>>> print(open('upload_39.tsv').read())   # TSV, C-alpha atoms and all ligand atoms
chain	number	residue	atom	x	y	z
V	1	MET	CA	-46.26	-14.84	-118.07
V	2	THR	CA	-44.44	-17.66	-119.79
V	3	ASP	CA	-46.23	-19.96	-122.18
V	4	ILE	CA	-46.59	-23.43	-120.76
V	5	ARG	CA	-47.67	-25.80	-123.48
V	6	PHE	CA	-50.47	-28.25	-122.63
V	7	VAL	CA	-51.05	-31.68	-124.17
V	8	MET	CA	-54.29	-33.35	-123.14
V	9	VAL	CA	-54.60	-37.05	-122.22
V	10	ASP	CA	-56.97	-39.26	-124.22
V	11	LYS	CA	-58.49	-40.88	-121.16
V	12	LEU	CA	-58.20	-40.07	-117.46
V	13	LYS	CA	-57.02	-42.81	-115.11
V	14	GLU	CA	-59.14	-44.48	-112.48
V	15	LYS	CA	-58.21	-42.98	-109.10
V	16	PRO	CA	-56.94	-45.56	-106.56
V	17	ASP	CA	-58.04	-46.12	-102.97
V	18	VAL	CA	-55.26	-44.10	-101.39
V	19	SER	CA	-55.43	-45.91	-98.06
V	20	LYS	CA	-54.25	-49.09	-99.81
V	21	ILE	CA	-51.37	-47.93	-102.03
V	22	GLY	CA	-48.48	-47.00	-99.73
V	23	PHE	CA	-46.05	-44.28	-100.75
V	24	GLY	CA	-45.11	-43.31	-104.30
V	25	THR	CA	-46.72	-46.17	-106.20
V	26	HIS	CA	-49.40	-44.38	-108.24
V	27	PHE	CA	-49.06	-41.33	-110.44
V	28	THR	CA	-51.54	-38.80	-111.75
V	29	ASP	CA	-52.65	-38.14	-115.35
V	30	TYR	CA	-50.20	-35.35	-116.11
V	31	MET	CA	-46.61	-34.32	-115.51
V	32	PHE	CA	-44.56	-31.21	-116.15
V	33	GLU	CA	-41.45	-31.35	-118.29
V	34	MET	CA	-38.86	-28.79	-119.44
V	35	ASP	CA	-35.52	-29.11	-121.24
V	36	TYR	CA	-32.17	-27.43	-120.94
V	37	ASP	CA	-29.61	-27.24	-123.69
V	38	GLU	CA	-26.41	-25.25	-123.72
V	39	GLY	CA	-26.92	-22.07	-125.71
V	40	LYS	CA	-30.71	-22.31	-125.44
V	41	GLY	CA	-31.14	-22.37	-121.68
V	42	TRP	CA	-34.27	-23.88	-120.12
V	43	HIS	CA	-36.95	-24.13	-122.79
V	44	ASP	CA	-40.21	-25.73	-123.90
V	45	PRO	CA	-42.04	-25.89	-120.55
V	46	ARG	CA	-45.02	-28.21	-120.97
V	47	ILE	CA	-47.68	-30.11	-119.11
V	48	ILE	CA	-48.15	-33.45	-120.85
V	49	PRO	CA	-49.67	-36.87	-120.14
V	50	TYR	CA	-47.73	-38.85	-117.49
V	51	GLN	CA	-45.50	-41.22	-119.43
V	52	ASP	CA	-42.18	-43.07	-119.43
V	53	ILE	CA	-39.17	-41.08	-120.53
V	54	LYS	CA	-36.55	-42.16	-123.01
V	55	VAL	CA	-32.87	-41.90	-122.11
V	56	SER	CA	-29.67	-42.98	-123.82
V	57	PRO	CA	-27.87	-46.01	-122.32
V	58	ALA	CA	-24.93	-43.59	-122.03
V	59	ASN	CA	-27.05	-41.05	-120.10
V	60	THR	CA	-24.68	-39.24	-117.71
V	61	THR	CA	-27.06	-39.44	-114.75
V	62	LEU	CA	-27.21	-43.23	-114.95
V	63	HIS	CA	-23.43	-43.42	-114.76
V	64	TYR	CA	-22.35	-40.46	-112.64
V	65	GLY	CA	-25.44	-39.28	-110.78
V	66	GLN	CA	-25.64	-35.60	-111.67
V	67	ALA	CA	-29.21	-35.14	-110.45
V	68	ILE	CA	-31.26	-33.37	-107.77
V	69	PHE	CA	-34.81	-33.54	-106.51
V	70	GLU	CA	-37.42	-31.98	-104.25
V	71	GLY	CA	-40.38	-33.29	-102.33
V	72	CYS	CA	-43.36	-31.23	-101.22
V	73	LYS	CA	-47.09	-31.76	-100.83
V	74	ALA	CA	-50.48	-30.44	-101.94
V	75	TYR	CA	-53.39	-30.64	-99.51
V	76	ARG	CA	-57.15	-30.22	-99.51
V	77	TYR	CA	-57.65	-27.01	-97.57
V	78	LYS	CA	-60.73	-25.76	-95.79
V	79	GLY	CA	-63.13	-23.85	-98.02
V	80	GLY	CA	-62.52	-26.19	-100.97
V	81	LYS	CA	-59.07	-24.98	-101.95
V	82	ALA	CA	-56.17	-26.98	-103.37
V	83	VAL	CA	-53.01	-25.68	-101.70
V	84	VAL	CA	-49.28	-26.37	-101.68
V	85	PHE	CA	-47.23	-26.07	-98.49
V	86	ARG	CA	-44.13	-23.83	-98.74
V	87	ALA	CA	-43.83	-24.30	-102.52
V	88	LYS	CA	-41.52	-21.32	-102.99
V	89	ASP	CA	-39.13	-22.57	-100.31
V	90	HIS	CA	-38.90	-25.94	-102.02
V	91	ILE	CA	-38.21	-24.37	-105.41
V	92	ALA	CA	-35.57	-22.11	-103.88
V	93	ARG	CA	-33.89	-25.18	-102.36
V	94	LEU	CA	-33.99	-26.89	-105.78
V	95	ASN	CA	-31.80	-24.05	-107.04
V	96	ARG	CA	-29.47	-24.34	-104.04
V	97	SER	CA	-29.05	-28.05	-104.77
V	98	ALA	CA	-28.53	-27.18	-108.45
V	99	LYS	CA	-25.64	-24.92	-107.52
V	100	ILE	CA	-23.90	-27.68	-105.55
V	101	LEU	CA	-24.21	-30.14	-108.48
V	102	ASP	CA	-23.35	-27.55	-111.19
V	103	ILE	CA	-26.81	-27.85	-112.71
V	104	PRO	CA	-28.03	-24.64	-114.42
V	105	PRO	CA	-30.50	-22.78	-112.18
V	106	VAL	CA	-34.18	-22.65	-113.07
V	107	ASP	CA	-36.40	-19.57	-113.24
V	108	GLU	CA	-38.09	-19.98	-109.85
V	109	LYS	CA	-41.15	-17.97	-110.93
V	110	LEU	CA	-41.68	-20.18	-113.97
V	111	VAL	CA	-41.31	-23.42	-112.01
V	112	TYR	CA	-43.67	-22.06	-109.34
V	113	GLU	CA	-46.22	-21.17	-112.01
V	114	ALA	CA	-45.83	-24.59	-113.64
V	115	LEU	CA	-46.24	-26.37	-110.31
V	116	MET	CA	-49.35	-24.43	-109.32
V	117	LYS	CA	-50.87	-24.95	-112.77
V	118	LEU	CA	-50.18	-28.69	-112.62
V	119	ILE	CA	-51.76	-28.93	-109.15
V	120	ASP	CA	-54.78	-26.97	-110.35
V	121	ILE	CA	-55.23	-29.40	-113.26
V	122	GLU	CA	-54.72	-32.43	-110.99
V	123	LYS	CA	-56.54	-31.18	-107.88
V	124	GLU	CA	-59.11	-33.99	-108.02
V	125	TRP	CA	-56.17	-36.28	-107.23
V	126	ILE	CA	-55.59	-34.67	-103.83
V	127	PRO	CA	-57.03	-37.28	-101.48
V	128	ALA	CA	-59.51	-36.13	-98.86
V	129	GLY	CA	-58.69	-38.46	-95.94
V	130	LYS	CA	-57.00	-37.43	-92.70
V	131	GLY	CA	-53.25	-37.06	-93.19
V	132	GLN	CA	-53.51	-37.81	-96.92
V	133	SER	CA	-51.95	-35.58	-99.54
V	134	LEU	CA	-50.68	-35.34	-103.08
V	135	TYR	CA	-46.91	-35.79	-103.01
V	136	ILE	CA	-45.05	-33.57	-105.47
V	137	ARG	CA	-41.69	-34.71	-106.83
V	138	PRO	CA	-39.81	-32.15	-108.93
V	139	PHE	CA	-36.42	-33.39	-110.17
V	140	ILE	CA	-33.66	-32.47	-112.58
V	141	PHE	CA	-31.25	-34.87	-114.20
V	142	ALA	CA	-28.30	-34.58	-116.60
V	143	ASP	CA	-29.23	-35.84	-120.04
V	144	ASP	CA	-26.05	-35.94	-122.15
V	145	PRO	CA	-25.54	-39.27	-123.98
V	146	TYR	CA	-21.84	-39.29	-123.08
V	147	LEU	CA	-19.57	-41.54	-120.98
V	148	GLY	CA	-16.94	-38.92	-120.29
V	149	VAL	CA	-16.94	-37.52	-116.77
V	150	SER	CA	-17.94	-33.90	-117.03
V	151	VAL	CA	-20.73	-31.50	-116.22
V	152	SER	CA	-23.58	-32.24	-118.63
V	153	SER	CA	-24.66	-29.76	-121.29
V	154	SER	CA	-28.30	-30.89	-121.36
V	155	TYR	CA	-30.86	-31.52	-118.61
V	156	LYS	CA	-34.49	-32.31	-118.03
V	157	LEU	CA	-36.72	-31.01	-115.26
V	158	LEU	CA	-39.83	-33.04	-114.47
V	159	ILE	CA	-42.55	-32.72	-111.88
V	160	ILE	CA	-44.57	-35.84	-111.14
V	161	LEU	CA	-47.41	-36.25	-108.63
V	162	SER	CA	-48.36	-39.20	-106.46
V	163	PRO	CA	-51.33	-39.46	-104.07
V	164	VAL	CA	-50.17	-40.69	-100.65
V	165	ALA	CA	-51.84	-41.91	-97.49
V	166	ALA	CA	-51.03	-40.77	-93.99
V	167	TYR	CA	-47.47	-41.94	-93.31
V	168	TYR	CA	-48.58	-43.82	-90.23
V	169	ALA	CA	-51.42	-46.02	-91.37
V	170	HIS	CA	-52.21	-47.15	-87.83
V	171	GLY	CA	-51.75	-43.85	-86.07
V	172	PHE	CA	-48.67	-42.03	-85.01
V	173	ALA	CA	-46.07	-44.73	-84.24
V	174	PRO	CA	-42.66	-43.94	-82.72
V	175	VAL	CA	-39.64	-45.29	-84.63
V	176	LYS	CA	-36.49	-47.06	-83.46
V	177	ILE	CA	-33.33	-45.36	-84.62
V	178	MET	CA	-29.79	-46.71	-84.61
V	179	VAL	CA	-26.85	-44.36	-84.08
V	180	GLU	CA	-24.57	-45.28	-87.00
V	181	ASP	CA	-20.88	-45.02	-86.22
V	182	THR	CA	-19.39	-47.46	-88.72
V	183	TYR	CA	-20.67	-46.02	-91.99
V	184	VAL	CA	-20.85	-42.34	-92.86
V	185	ARG	CA	-22.99	-40.60	-95.43
V	186	ALA	CA	-21.76	-37.04	-95.93
V	187	VAL	CA	-18.72	-35.02	-94.89
V	188	ARG	CA	-18.15	-31.29	-94.69
V	189	GLY	CA	-17.38	-30.09	-98.20
V	190	GLY	CA	-19.43	-32.94	-99.65
V	191	LEU	CA	-22.98	-33.21	-100.95
V	192	GLY	CA	-24.92	-33.34	-97.66
V	193	ALA	CA	-26.56	-29.95	-98.17
V	194	ALA	CA	-27.95	-30.94	-101.59
V	195	LYS	CA	-31.07	-33.02	-102.15
V	196	THR	CA	-29.36	-35.43	-104.50
V	197	PRO	CA	-29.55	-39.19	-105.16
V	198	ALA	CA	-25.91	-39.70	-104.05
V	199	ASN	CA	-26.90	-39.12	-100.40
V	200	TYR	CA	-29.41	-41.93	-100.71
V	201	ALA	CA	-27.02	-44.27	-102.53
V	202	ALA	CA	-24.58	-43.72	-99.65
V	203	SER	CA	-27.23	-44.64	-97.09
V	204	LEU	CA	-28.75	-47.85	-98.46
V	205	HIS	CA	-26.29	-50.43	-97.15
V	206	ALA	CA	-26.16	-49.09	-93.60
V	207	GLY	CA	-29.95	-48.78	-93.69
V	208	LEU	CA	-30.28	-52.43	-94.62
V	209	LEU	CA	-28.00	-53.52	-91.76
V	210	ALA	CA	-29.96	-51.34	-89.33
V	211	HIS	CA	-33.18	-53.02	-90.50
V	212	GLN	CA	-31.64	-56.42	-89.91
V	213	LYS	CA	-30.89	-55.34	-86.33
V	214	GLY	CA	-34.52	-54.35	-85.84
V	215	TYR	CA	-34.19	-50.59	-86.32
V	216	ASP	CA	-36.28	-48.45	-88.64
V	217	GLN	CA	-33.57	-46.00	-89.68
V	218	THR	CA	-30.04	-44.82	-89.00
V	219	LEU	CA	-28.91	-41.61	-87.36
V	220	TRP	CA	-25.81	-40.36	-89.17
V	221	LEU	CA	-22.90	-38.92	-87.28
V	222	ASP	CA	-20.32	-36.49	-88.69
V	223	GLY	CA	-18.03	-38.16	-91.20
V	224	VAL	CA	-14.75	-37.28	-89.49
V	225	GLU	CA	-14.95	-37.87	-85.74
V	226	ARG	CA	-18.24	-39.80	-85.77
V	227	LYS	CA	-19.12	-37.91	-82.66
V	228	TYR	CA	-21.57	-35.19	-83.67
V	229	ILE	CA	-25.21	-35.71	-84.62
V	230	GLY	CA	-26.22	-35.20	-88.27
V	231	GLU	CA	-29.61	-36.31	-89.51
V	232	VAL	CA	-31.72	-39.41	-90.12
V	233	GLY	CA	-32.15	-40.85	-93.65
V	234	SER	CA	-34.70	-38.52	-95.16
V	235	MET	CA	-35.39	-36.51	-92.03
V	236	ASN	CA	-33.73	-33.91	-89.88
V	237	ILE	CA	-33.46	-34.72	-86.20
V	238	LEU	CA	-34.57	-32.57	-83.29
V	239	PHE	CA	-34.24	-32.99	-79.53
V	240	LYS	CA	-36.10	-31.53	-76.61
V	241	ILE	CA	-33.44	-31.18	-73.93
V	242	ASP	CA	-34.26	-29.47	-70.64
V	243	ASN	CA	-37.29	-27.77	-72.25
V	244	LYS	CA	-35.25	-26.35	-75.15
V	245	VAL	CA	-35.59	-27.42	-78.78
V	246	VAL	CA	-32.12	-28.33	-80.03
V	247	THR	CA	-31.10	-29.45	-83.53
V	248	PRO	CA	-27.81	-29.79	-85.42
V	249	GLU	CA	-26.66	-26.61	-87.19
V	250	LEU	CA	-26.53	-26.45	-91.00
V	251	ASP	CA	-22.82	-27.20	-91.47
V	252	GLY	CA	-23.02	-28.44	-95.06
V	253	THR	CA	-23.39	-32.12	-94.14
V	254	ILE	CA	-27.16	-32.12	-93.59
V	255	LEU	CA	-30.14	-30.90	-95.55
V	256	ASP	CA	-31.78	-27.56	-94.76
V	257	GLY	CA	-35.14	-29.28	-94.29
V	258	ILE	CA	-38.25	-27.21	-94.87
V	259	THR	CA	-40.09	-29.14	-92.13
V	260	ARG	CA	-37.12	-28.50	-89.81
V	261	ARG	CA	-37.57	-24.79	-90.50
V	262	THR	CA	-41.32	-25.06	-89.88
V	263	VAL	CA	-40.78	-26.83	-86.55
V	264	LEU	CA	-38.24	-24.23	-85.40
V	265	GLN	CA	-40.51	-21.34	-86.44
V	266	VAL	CA	-43.54	-22.85	-84.72
V	267	ALA	CA	-41.54	-23.72	-81.57
V	268	LYS	CA	-40.29	-20.11	-81.36
V	269	SER	CA	-43.83	-18.80	-81.83
V	270	TRP	CA	-44.85	-20.96	-78.86
V	271	GLY	CA	-42.13	-19.30	-76.79
V	272	TYR	CA	-39.62	-22.15	-76.74
V	273	GLU	CA	-35.93	-21.48	-76.78
V	274	VAL	CA	-34.46	-22.93	-79.99
V	275	GLU	CA	-30.81	-23.81	-80.56
V	276	GLU	CA	-29.10	-24.79	-83.82
V	277	ARG	CA	-25.65	-26.04	-82.89
V	278	ARG	CA	-23.26	-28.97	-82.70
V	279	ILE	CA	-24.60	-31.78	-80.53
V	280	SER	CA	-22.30	-34.62	-79.53
V	281	THR	CA	-23.38	-38.16	-78.76
V	282	ASP	CA	-21.78	-37.67	-75.30
V	283	GLU	CA	-24.05	-34.71	-74.63
V	284	LEU	CA	-27.10	-36.79	-75.55
V	285	ILE	CA	-26.06	-39.68	-73.34
V	286	ASP	CA	-25.36	-37.33	-70.42
V	287	ALA	CA	-28.71	-35.58	-70.91
V	288	TYR	CA	-30.44	-38.95	-71.10
V	289	LYS	CA	-28.81	-40.19	-67.90
V	290	ALA	CA	-29.70	-36.94	-66.14
V	291	GLY	CA	-33.33	-37.34	-67.25
V	292	LYS	CA	-33.13	-34.19	-69.39
V	293	LEU	CA	-33.45	-35.76	-72.85
V	294	GLU	CA	-37.21	-35.29	-72.96
V	295	GLU	CA	-38.05	-36.03	-76.58
V	296	VAL	CA	-36.44	-36.96	-79.87
V	297	PHE	CA	-38.20	-36.64	-83.22
V	298	GLY	CA	-37.48	-36.46	-86.91
V	299	SER	CA	-38.89	-33.89	-89.34
V	300	GLY	CA	-39.49	-34.29	-93.07
V	301	THR	CA	-42.16	-33.77	-95.70
V	302	ALA	CA	-43.05	-37.48	-95.97
V	303	ALA	CA	-43.93	-38.16	-92.31
V	304	VAL	CA	-44.01	-34.50	-91.15
V	305	ILE	CA	-43.05	-35.43	-87.55
V	306	SER	CA	-41.62	-38.82	-86.69
V	307	PRO	CA	-41.31	-39.42	-82.95
V	308	VAL	CA	-38.34	-41.55	-81.88
V	309	GLY	CA	-39.22	-44.08	-79.19
V	310	GLU	CA	-35.81	-45.67	-78.98
V	311	LEU	CA	-32.31	-44.51	-79.84
V	312	GLY	CA	-29.83	-47.39	-79.87
V	313	TYR	CA	-26.09	-46.77	-79.79
V	314	ASP	CA	-24.38	-50.16	-79.87
V	315	HIS	CA	-20.81	-48.93	-79.58
V	316	ALA	CA	-21.61	-46.98	-76.43
V	317	ASP	CA	-23.65	-49.96	-75.25
V	318	ILE	CA	-26.72	-47.88	-74.55
V	319	LYS	CA	-30.36	-47.91	-75.63
V	320	MET	CA	-32.09	-44.64	-74.87
V	321	VAL	CA	-35.82	-45.15	-74.48
V	322	LEU	CA	-37.81	-41.95	-74.80
V	323	ASN	CA	-41.20	-41.45	-73.16
V	324	GLY	CA	-41.33	-45.17	-72.44
V	325	GLY	CA	-41.26	-45.79	-76.21
V	326	ALA	CA	-44.43	-43.76	-76.73
V	327	ILE	CA	-44.90	-40.45	-78.54
V	328	GLY	CA	-43.91	-37.38	-76.52
V	329	PRO	CA	-46.38	-34.55	-75.87
V	330	PHE	CA	-44.29	-31.92	-77.69
V	331	ALA	CA	-43.95	-34.04	-80.87
V	332	GLN	CA	-47.68	-34.79	-80.77
V	333	LYS	CA	-48.59	-31.12	-80.35
V	334	MET	CA	-46.19	-30.13	-83.14
V	335	TYR	CA	-47.59	-32.76	-85.50
V	336	ASP	CA	-51.18	-31.70	-84.81
V	337	TYR	CA	-50.33	-28.03	-85.32
V	338	ILE	CA	-48.47	-28.54	-88.63
V	339	ASP	CA	-51.20	-30.91	-89.83
V	340	GLY	CA	-53.64	-28.12	-89.02
V	341	LEU	CA	-51.57	-25.64	-91.03
V	342	HIS	CA	-51.73	-28.03	-94.01
V	343	THR	CA	-55.51	-28.25	-93.97
V	344	GLY	CA	-56.47	-24.81	-92.70
V	345	GLU	CA	-57.68	-25.96	-89.30
V	346	VAL	CA	-54.85	-23.81	-87.95
V	347	GLU	CA	-54.71	-20.30	-89.40
V	348	ASP	CA	-51.63	-19.73	-91.58
V	349	THR	CA	-50.01	-16.75	-89.90
V	350	PHE	CA	-46.62	-17.66	-91.42
V	351	GLY	CA	-47.45	-17.39	-95.15
V	352	PHE	CA	-46.73	-21.09	-95.82
V	353	ILE	CA	-49.82	-21.77	-97.94
V	354	ASP	CA	-50.18	-21.11	-101.68
V	355	VAL	CA	-53.51	-21.68	-103.36
V	356	ALA	CA	-53.47	-23.59	-106.67
V	357	GLY	CA	-57.19	-23.63	-107.36
V	358	THR	CA	-60.56	-24.62	-105.92
V	359	TYR	CA	-62.24	-27.98	-106.12
V	401	LIG	C1	-35.77	-34.27	-98.07
V	401	LIG	C2	-34.81	-34.54	-96.97
V	401	LIG	C3	-35.03	-34.12	-95.64
V	401	LIG	C4	-36.31	-33.46	-95.20
V	401	LIG	O1	-36.50	-32.21	-95.78
V	401	LIG	P1	-37.95	-31.57	-95.85
V	401	LIG	O2	-37.75	-30.34	-96.65
V	401	LIG	O3	-38.36	-31.30	-94.46
V	401	LIG	O4	-38.83	-32.57	-96.50
V	401	LIG	C5	-34.03	-34.35	-94.71
V	401	LIG	N1	-32.90	-34.97	-95.04
V	401	LIG	C6	-32.64	-35.39	-96.30
V	401	LIG	C7	-31.36	-36.04	-96.60
V	401	LIG	C8	-33.58	-35.19	-97.31
V	401	LIG	O5	-33.35	-35.63	-98.54
>>> encode(input="upload_39.tsv", output="structure tokens", more="lines below")
Ligand SMILES: *Cc1c(COP(=O)(O)O)cnc(C)c1O
Amino acid sequence: MTDIRFVMVDKLKEKPDVSKIGFGTHFTDYMFEMDYDEGKGWHDPRIIPYQDIKVSPANTTLHYGQAIFEGCKAYRYKGGKAVVFRAKDHIARLNRSAKILDIPPVDEKLVYEALMKLIDIEKEWIPAGKGQSLYIRPFIFADDPYLGVSVSSSYKLLIILSPVAAYYAHGFAPVKIMVEDTYVRAVRGGLGAAKTPANYAASLHAGLLAHQKGYDQTLWLDGVERKYIGEVGSMNILFKIDNKVVTPELDGTILDGITRRTVLQVAKSWGYEVEERRISTDELIDAYKAGKLEEVFGSGTAAVISPVGELGYDHADIKMVLNGGAIGPFAQKMYDYIDGLHTGEVEDTFGFIDVAGTY
């Protein structure tokens, strides 16, 4: 067992009314921090009071973006346990992102131990309301004070925690998505498979334009032909076509979403046929016209399942309305089931749940 240093806060914060604070606005009393320096490796793991961090104005991340992150959640589980959903899968993906950005890999066992310890310390911060959770944001950034373009020789890993309300404050509301065929976000051979800020920087402008047109988010197409479906902002996209669950294959341009995996595993366990493959916009339009595009929904840690009520594709001059703009039965059933896995109402036969402590 590695020694994780602990520095106690002077005074605990007042806990906010989670239903009123939106997403990612409030942070808990503690955070985890660890440093990397060439020659020393990752060192000095510590749980310390949540605080601002100091960086050089020449910090390489600020200028060139060598950084990665994760997002997972802790829940209040039945029987008074504080649990984390698929923690090991998220930490493993952190290392896969690290490889793509040339960031030195972390000891997954150590980061897992640190995360579970931090959640145990902060378990009172896990909100108790329906759909509420404690969002966990691990991230690594390059920390060299150097303006030259090169792989950094020093890094920091932090884990911060933020209590969050149910994503849909007024119940489960379908979103309007715009098929984006002017701007592209990731290409094969690029950074699409990494959870890295660059993918978000590349998405902001198109996202803003989509908002101005009345859409909630954009659906990215492949960066070359702009013909094949990719993913939506911070979610993977799944389709129910002719009673099969179909989603784009992991071709290096989209993220290997943990919720995507969960949905596919659960769908298979329910006996559905599941396909991971290329899906063209033409196929979707044909399926829609034939009445076989039954449901469309996004998957991601933040919203879990995000039903799509409308898929607009301006350049093909078509608006596909799914389930009359209302949530589809499959998406609803999937959301309820995964929500149940989070809280223990559904028995965890998959091994997704890790216990951090009891409250
Ligand atoms: C985080 C993220 C997702 C969703 O992944 P989950 O592991 O399900 O939360 C999808 N796409 C992108 C680009 C992401 O950053």
>>> closest_atom_pairs(input="upload_39.tsv", of="chain V", to="ligand LIG 401 (chain V)", cutoff="6 Å", atoms="only C-alpha atoms and all ligand atoms", output="JSON lines")
{"residue": "V:Lys195", "atom": "CA", "partner": "V:LIG401", "partner_atom": "O5", "distance": 5.0}
{"residue": "V:Gly233", "atom": "CA", "partner": "V:LIG401", "partner_atom": "C7", "distance": 5.7}
{"residue": "V:Ser234", "atom": "CA", "partner": "V:LIG401", "partner_atom": "C6", "distance": 3.9}
{"residue": "V:Met235", "atom": "CA", "partner": "V:LIG401", "partner_atom": "C5", "distance": 3.7}
{"residue": "V:Asn236", "atom": "CA", "partner": "V:LIG401", "partner_atom": "C5", "distance": 4.9}
{"residue": "V:Leu255", "atom": "CA", "partner": "V:LIG401", "partner_atom": "N1", "distance": 4.9}
{"residue": "V:Gly257", "atom": "CA", "partner": "V:LIG401", "partner_atom": "O1", "distance": 3.6}
{"residue": "V:Ile258", "atom": "CA", "partner": "V:LIG401", "partner_atom": "O2", "distance": 3.6}
{"residue": "V:Thr259", "atom": "CA", "partner": "V:LIG401", "partner_atom": "O3", "distance": 3.6}
{"residue": "V:Arg260", "atom": "CA", "partner": "V:LIG401", "partner_atom": "O3", "distance": 5.6}
{"residue": "V:Ser299", "atom": "CA", "partner": "V:LIG401", "partner_atom": "O3", "distance": 5.8}
{"residue": "V:Gly300", "atom": "CA", "partner": "V:LIG401", "partner_atom": "O3", "distance": 3.5}
{"residue": "V:Thr301", "atom": "CA", "partner": "V:LIG401", "partner_atom": "O4", "distance": 3.6}
>>> residues_near_point(input="upload_39.tsv", point="(-21.7, -36.7, -116.2)", cutoff="12 Å", atoms="only C-alpha atoms", output="list in words")
Ala58, Asn59, Thr60, Thr61, Leu62, His63, Tyr64, Gly65, Gln66, Ala67, Leu101, Asp102, Ile103, Phe141, Ala142, Asp143, Asp144, Pro145, Tyr146, Leu147, Gly148, Val149, Ser150, Val151, Ser152, Ser153, Ser154 and Tyr155 of chain V
>>> residues_near_point(input="upload_39.tsv", point="(-39.2, -19.2, -90.5)", cutoff="12 Å", atoms="all atoms listed in the file", output="MDAnalysis selection string")
chainID V and resid 86 89 256:269 349:352
>>> residues_around(input="upload_39.tsv", residues="Phe239 in chain V", least_positions_apart="3", cutoff="6 Å", atoms="all atoms listed in the file", output="mmCIF file with C-alpha atoms, in the coordinates of the input")
data_model
loop_
_atom_site.group_PDB
_atom_site.id
_atom_site.type_symbol
_atom_site.label_atom_id
_atom_site.label_comp_id
_atom_site.auth_asym_id
_atom_site.auth_seq_id
_atom_site.Cartn_x
_atom_site.Cartn_y
_atom_site.Cartn_z
ATOM 1 C CA VAL V 245 -35.590 -27.420 -78.780
ATOM 2 C CA VAL V 246 -32.120 -28.330 -80.030
ATOM 3 C CA GLU V 295 -38.050 -36.030 -76.580
ATOM 4 C CA VAL V 296 -36.440 -36.960 -79.870
#
>>> residues_around(input="upload_39.tsv", residues="range 338-344 of chain V", least_positions_apart="6", cutoff="9 Å", atoms="only C-alpha atoms", output="count of residues only")
17
>>> closest_residue(input="upload_39.tsv", among="V:Val18, V:Ile229, V:Leu208, V:Ala173", to="Ala331 in chain V", atoms="all atoms listed in the file")
V:Ala173
>>> closest_residue(input="upload_39.tsv", among="V:Asp10, V:Glu231, V:Leu221, V:Asn323", to="Leu293 in chain V", atoms="all atoms listed in the file")
V:Asn323
>>> residues_around(input="upload_39.tsv", residues="Gly252 in chain V", least_positions_apart="5", cutoff="9 Å", atoms="all atoms listed in the file", output="VMD selection string")
chain V and resid 186 to 194
>>> atom_distance(input="upload_39.tsv", atom1="CA of His315 in chain V", atom2="CA of Tyr183 in chain V")
12.7 Å
>>> closest_residue(input="upload_39.tsv", among="V:Gly214, V:Gly24, V:Pro163, V:Gly207", to="Trp125 in chain V", atoms="all atoms listed in the file")
V:Pro163
>>> closest_residue(input="upload_39.tsv", among="V:Lys292, V:Ala98, V:Tyr30, V:Ile126", to="Lys81 in chain V", atoms="all atoms listed in the file")
V:Ile126
>>> closest_residue(input="upload_39.tsv", among="V:Ala326, V:Val164, V:Ile140, V:Leu134", to="Leu118 in chain V", atoms="all atoms listed in the file")
V:Leu134
>>> closest_residue(input="upload_39.tsv", among="V:Gly298, V:Gly230, V:Gly291, V:Gly357", to="Asp120 in chain V", atoms="all atoms listed in the file")
V:Gly357
>>> atom_distance(input="upload_39.tsv", atom1="CA of Asn243 in chain V", atom2="CA of Tyr313 in chain V")
23.3 Å
